[in-house]
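Student: Following this message is one structure expressed as structure tokens.
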Amino acid sequence: MQEAFGVVIFVVMGVAIIVAIASFVGRGRLYDQIGRGGLRDERDAPPRDPAAGSAAAAGERDEEIRQMVGAQNARRARRGQSPLDVDDEIKRLTQVTVDPALRDEIHQLVLARNARRERQGKAPLDVEQEVARQLADLTEGSE
């Protein structure tokens with residue numbers, strides 16, 4: 001029995017080495033596809049999400065909010081409450097709010113920039129107008 005065990009191990013190892021060599025030599029496209037999504041073809045892949053901040057992303061966001069508010073209105077109707085205005089809810093939910101601490105920090109930066117401009121002999125900027133401009137730049141990038 002002991003002699004048969006050693007022979008079986010060597011035979012199995014020999015067969016495994018032959019299979020490994022054969023698969024390495026004739027690997028073809030099969031091994032090149034490992035890690036690329038399994039058996040699914042890339043042409044069948046679902047479309048990718050639109051880029052953040054793009055018009056397509058905003059449209060998709062608004063459509064999802066419409067669906068959410070529609071479901072909320074259905075629940076409100078079952079409870080006997082009045083439905084919400086969908087457009088007002090979209091406007092309320094997508095409104096960008098600015099943290100007061102951020103507004104104060106931008107205000108301080110504009111004041112520091114004005115002091116530097118005055119030392120350079122340049123005209124100072126209108127503080128409130130510059131704060132509003134910088135906040136508008138920040139909120140446009142976050143939508």
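Letters A, B, ... mark the chains of the structure tokens in the order given; residue numbers begin at 1 per chain; ligand numbers begin at 1, in order shown.
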Can you tell me, as a list in words, what residues are no more than 8 Å from stretch 121-137 of chain A when counting only C-alpha atoms, ignoring any on the same chain fewer than 3 positions away?
Tutor: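 Using only C-alpha atoms, the neighbours found are Val98, Arg103, Ile106, His107, Val110, Leu111, Asn114, Ala115, Arg117, Glu118, Glu140 and Gly141 of chain A.
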Student: Leaving out A:Asp87 and any residue of its chain fewer than 6 positions from it, which residues lie within 12 Å of it when counting only C-alpha atoms, given as a PyMOL selection string?
Tutor: chain A and resi 62-63+65-67+69-70+93-94
Student: Write out, as an mmCIF file, in the first residue's frame, the residues just selected, with N, CA, C and O atoms.
Tutor:
data_model
loop_
_atom_site.group_PDB
_atom_site.id
_atom_site.type_symbol
_atom_site.label_atom_id
_atom_site.label_comp_id
_atom_site.auth_asym_id
_atom_site.auth_seq_id
_atom_site.Cartn_x
_atom_site.Cartn_y
_atom_site.Cartn_z
ATOM 1 N N ASP A 62 -32.115 65.019 -11.105
ATOM 2 C CA ASP A 62 -33.463 65.584 -11.040
ATOM 3 C C ASP A 62 -34.527 64.514 -11.290
ATOM 4 O O ASP A 62 -35.577 64.515 -10.652
ATOM 5 N N GLU A 63 -34.252 63.587 -12.201
ATOM 6 C CA GLU A 63 -35.210 62.512 -12.481
ATOM 7 C C GLU A 63 -35.370 61.602 -11.268
ATOM 8 O O GLU A 63 -36.482 61.191 -10.928
ATOM 9 N N ILE A 65 -34.907 62.530 -8.189
ATOM 10 C CA ILE A 65 -35.650 63.301 -7.181
ATOM 11 C C ILE A 65 -37.127 63.299 -7.519
ATOM 12 O O ILE A 65 -37.979 63.166 -6.636
ATOM 13 N N ARG A 66 -37.461 63.417 -8.810
ATOM 14 C CA ARG A 66 -38.870 63.358 -9.218
ATOM 15 C C ARG A 66 -39.504 62.033 -8.799
ATOM 16 O O ARG A 66 -40.625 61.999 -8.301
ATOM 17 N N GLN A 67 -38.777 60.943 -9.011
ATOM 18 C CA GLN A 67 -39.299 59.634 -8.615
ATOM 19 C C GLN A 67 -39.477 59.553 -7.098
ATOM 20 O O GLN A 67 -40.482 59.025 -6.607
ATOM 21 N N VAL A 69 -39.968 62.079 -4.979
ATOM 22 C CA VAL A 69 -41.079 62.933 -4.559
ATOM 23 C C VAL A 69 -42.403 62.313 -4.984
ATOM 24 O O VAL A 69 -43.392 62.396 -4.255
ATOM 25 N N GLY A 70 -42.420 61.643 -6.146
ATOM 26 C CA GLY A 70 -43.647 60.947 -6.562
ATOM 27 C C GLY A 70 -44.033 59.861 -5.579
ATOM 28 O O GLY A 70 -45.216 59.706 -5.220
ATOM 29 N N LEU A 93 -34.354 70.743 -2.693
ATOM 30 C CA LEU A 93 -33.366 69.701 -2.435
ATOM 31 C C LEU A 93 -32.034 69.938 -3.148
ATOM 32 O O LEU A 93 -31.001 69.461 -2.700
ATOM 33 N N THR A 94 -32.055 70.647 -4.264
ATOM 34 C CA THR A 94 -30.817 70.878 -5.015
ATOM 35 C C THR A 94 -30.197 72.243 -4.737
ATOM 36 O O THR A 94 -29.167 72.569 -5.309
#
Student: Distance atom CA of A:Glu3-atom CA of A:Ile21, one decimal place?
Tutor: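 Taking atom CA of A:Glu3 and atom CA of A:Ile21, their separation equals 27.6 Å.
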Student: Quick one: pick out all alpha helix (DSSP H) residues within stretch 64-123 of chain A from a backbone DSSP run and write them as a PyMOL selection string.
Tutor: chain A and resi 64-78+86-94+100-119
Student: Only N, CA and C atoms, please: the residues just picked out, written as a short mmCIF file (atom, residue, chain, number, x, y, z; two decimals), in the first residue's frame.
Tutor:
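Contents of the output file out-v2.cif:
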data_model
loop_
_atom_site.label_atom_id
_atom_site.label_comp_id
_atom_site.auth_asym_id
_atom_site.auth_seq_id
_atom_site.Cartn_x
_atom_site.Cartn_y
_atom_site.Cartn_z
N GLU A 64 -34.28 61.31 -10.60
CA GLU A 64 -34.36 60.49 -9.39
C GLU A 64 -35.11 61.21 -8.28
N ILE A 65 -34.91 62.53 -8.19
CA ILE A 65 -35.65 63.30 -7.18
C ILE A 65 -37.13 63.30 -7.52
N ARG A 66 -37.46 63.42 -8.81
CA ARG A 66 -38.87 63.36 -9.22
C ARG A 66 -39.50 62.03 -8.80
N GLN A 67 -38.78 60.94 -9.01
CA GLN A 67 -39.30 59.63 -8.62
C GLN A 67 -39.48 59.55 -7.10
N MET A 68 -38.51 60.09 -6.37
CA MET A 68 -38.59 60.07 -4.91
C MET A 68 -39.78 60.89 -4.41
N VAL A 69 -39.97 62.08 -4.98
CA VAL A 69 -41.08 62.93 -4.56
C VAL A 69 -42.40 62.31 -4.98
N GLY A 70 -42.42 61.64 -6.15
CA GLY A 70 -43.65 60.95 -6.56
C GLY A 70 -44.03 59.86 -5.58
N ALA A 71 -43.05 59.10 -5.12
CA ALA A 71 -43.33 58.07 -4.12
C ALA A 71 -43.77 58.70 -2.80
N GLN A 72 -43.14 59.80 -2.44
CA GLN A 72 -43.52 60.50 -1.21
C GLN A 72 -44.95 61.03 -1.32
N ASN A 73 -45.31 61.55 -2.49
CA ASN A 73 -46.67 62.04 -2.70
C ASN A 73 -47.68 60.90 -2.61
N ALA A 74 -47.32 59.72 -3.11
CA ALA A 74 -48.22 58.58 -3.02
C ALA A 74 -48.45 58.20 -1.56
N ARG A 75 -47.40 58.21 -0.75
CA ARG A 75 -47.56 57.92 0.68
C ARG A 75 -48.39 58.99 1.36
N ARG A 76 -48.16 60.26 0.99
CA ARG A 76 -48.93 61.35 1.59
C ARG A 76 -50.40 61.23 1.21
N ALA A 77 -50.70 60.84 -0.03
CA ALA A 77 -52.08 60.69 -0.47
C ALA A 77 -52.77 59.56 0.32
N ARG A 78 -52.04 58.46 0.58
CA ARG A 78 -52.63 57.36 1.36
C ARG A 78 -52.95 57.80 2.78
N VAL A 86 -43.72 69.04 -7.00
CA VAL A 86 -42.48 68.36 -7.40
C VAL A 86 -41.39 69.36 -7.74
N ASP A 87 -41.71 70.38 -8.51
CA ASP A 87 -40.68 71.35 -8.92
C ASP A 87 -40.13 72.13 -7.72
N ASP A 88 -41.01 72.49 -6.76
CA ASP A 88 -40.53 73.18 -5.56
C ASP A 88 -39.62 72.28 -4.73
N GLU A 89 -39.95 71.00 -4.65
CA GLU A 89 -39.12 70.06 -3.90
C GLU A 89 -37.76 69.88 -4.56
N ILE A 90 -37.74 69.79 -5.90
CA ILE A 90 -36.46 69.68 -6.62
C ILE A 90 -35.61 70.91 -6.34
N LYS A 91 -36.23 72.08 -6.40
CA LYS A 91 -35.49 73.32 -6.15
C LYS A 91 -34.96 73.35 -4.72
N ARG A 92 -35.79 72.91 -3.76
CA ARG A 92 -35.38 72.92 -2.36
C ARG A 92 -34.25 71.92 -2.11
N LEU A 93 -34.35 70.74 -2.69
CA LEU A 93 -33.37 69.70 -2.43
C LEU A 93 -32.03 69.94 -3.15
N THR A 94 -32.06 70.65 -4.26
CA THR A 94 -30.82 70.88 -5.01
C THR A 94 -30.20 72.24 -4.74
N PRO A 100 -21.76 79.31 7.00
CA PRO A 100 -21.34 80.65 7.44
C PRO A 100 -19.85 80.73 7.76
N ALA A 101 -19.28 79.66 8.28
CA ALA A 101 -17.85 79.66 8.59
C ALA A 101 -17.03 79.79 7.30
N LEU A 102 -17.50 79.14 6.22
CA LEU A 102 -16.81 79.26 4.93
C LEU A 102 -16.90 80.69 4.41
N ARG A 103 -18.08 81.29 4.55
CA ARG A 103 -18.26 82.68 4.11
C ARG A 103 -17.31 83.60 4.88
N ASP A 104 -17.20 83.40 6.19
CA ASP A 104 -16.30 84.23 7.00
C ASP A 104 -14.84 84.03 6.59
N GLU A 105 -14.47 82.77 6.30
CA GLU A 105 -13.08 82.51 5.90
C GLU A 105 -12.76 83.18 4.57
N ILE A 106 -13.68 83.10 3.62
CA ILE A 106 -13.47 83.77 2.32
C ILE A 106 -13.39 85.28 2.53
N HIS A 107 -14.23 85.81 3.43
CA HIS A 107 -14.21 87.25 3.72
C HIS A 107 -12.83 87.65 4.26
N GLN A 108 -12.28 86.86 5.17
CA GLN A 108 -10.95 87.15 5.71
C GLN A 108 -9.87 87.07 4.63
N LEU A 109 -10.00 86.10 3.74
CA LEU A 109 -9.02 85.98 2.65
C LEU A 109 -9.08 87.19 1.72
N VAL A 110 -10.28 87.66 1.44
CA VAL A 110 -10.42 88.83 0.57
C VAL A 110 -9.83 90.06 1.25
N LEU A 111 -10.05 90.20 2.56
CA LEU A 111 -9.45 91.32 3.29
C LEU A 111 -7.93 91.25 3.24
N ALA A 112 -7.37 90.05 3.42
CA ALA A 112 -5.91 89.89 3.34
C ALA A 112 -5.40 90.20 1.93
N ARG A 113 -6.15 89.78 0.93
CA ARG A 113 -5.75 90.06 -0.46
C ARG A 113 -5.79 91.57 -0.71
N ASN A 114 -6.80 92.26 -0.17
CA ASN A 114 -6.87 93.71 -0.34
C ASN A 114 -5.69 94.40 0.33
N ALA A 115 -5.30 93.93 1.50
CA ALA A 115 -4.14 94.53 2.19
C ALA A 115 -2.89 94.33 1.34
N ARG A 116 -2.73 93.16 0.76
CA ARG A 116 -1.57 92.89 -0.10
C ARG A 116 -1.62 93.76 -1.36
N ARG A 117 -2.82 93.92 -1.93
CA ARG A 117 -2.96 94.76 -3.13
C ARG A 117 -2.61 96.22 -2.81
N GLU A 118 -3.03 96.70 -1.65
CA GLU A 118 -2.72 98.08 -1.27
C GLU A 118 -1.22 98.28 -1.09
N ARG A 119 -0.55 97.27 -0.51
CA ARG A 119 0.91 97.37 -0.36
C ARG A 119 1.61 97.39 -1.72
#
Student: Figure out the distance between atom CA of A:Val96 and atom CA of A:Ala56, please, to one decimal in Å.
Tutor: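 Atom CA of A:Ala56 sits 18.4 Å away from atom CA of A:Val96.
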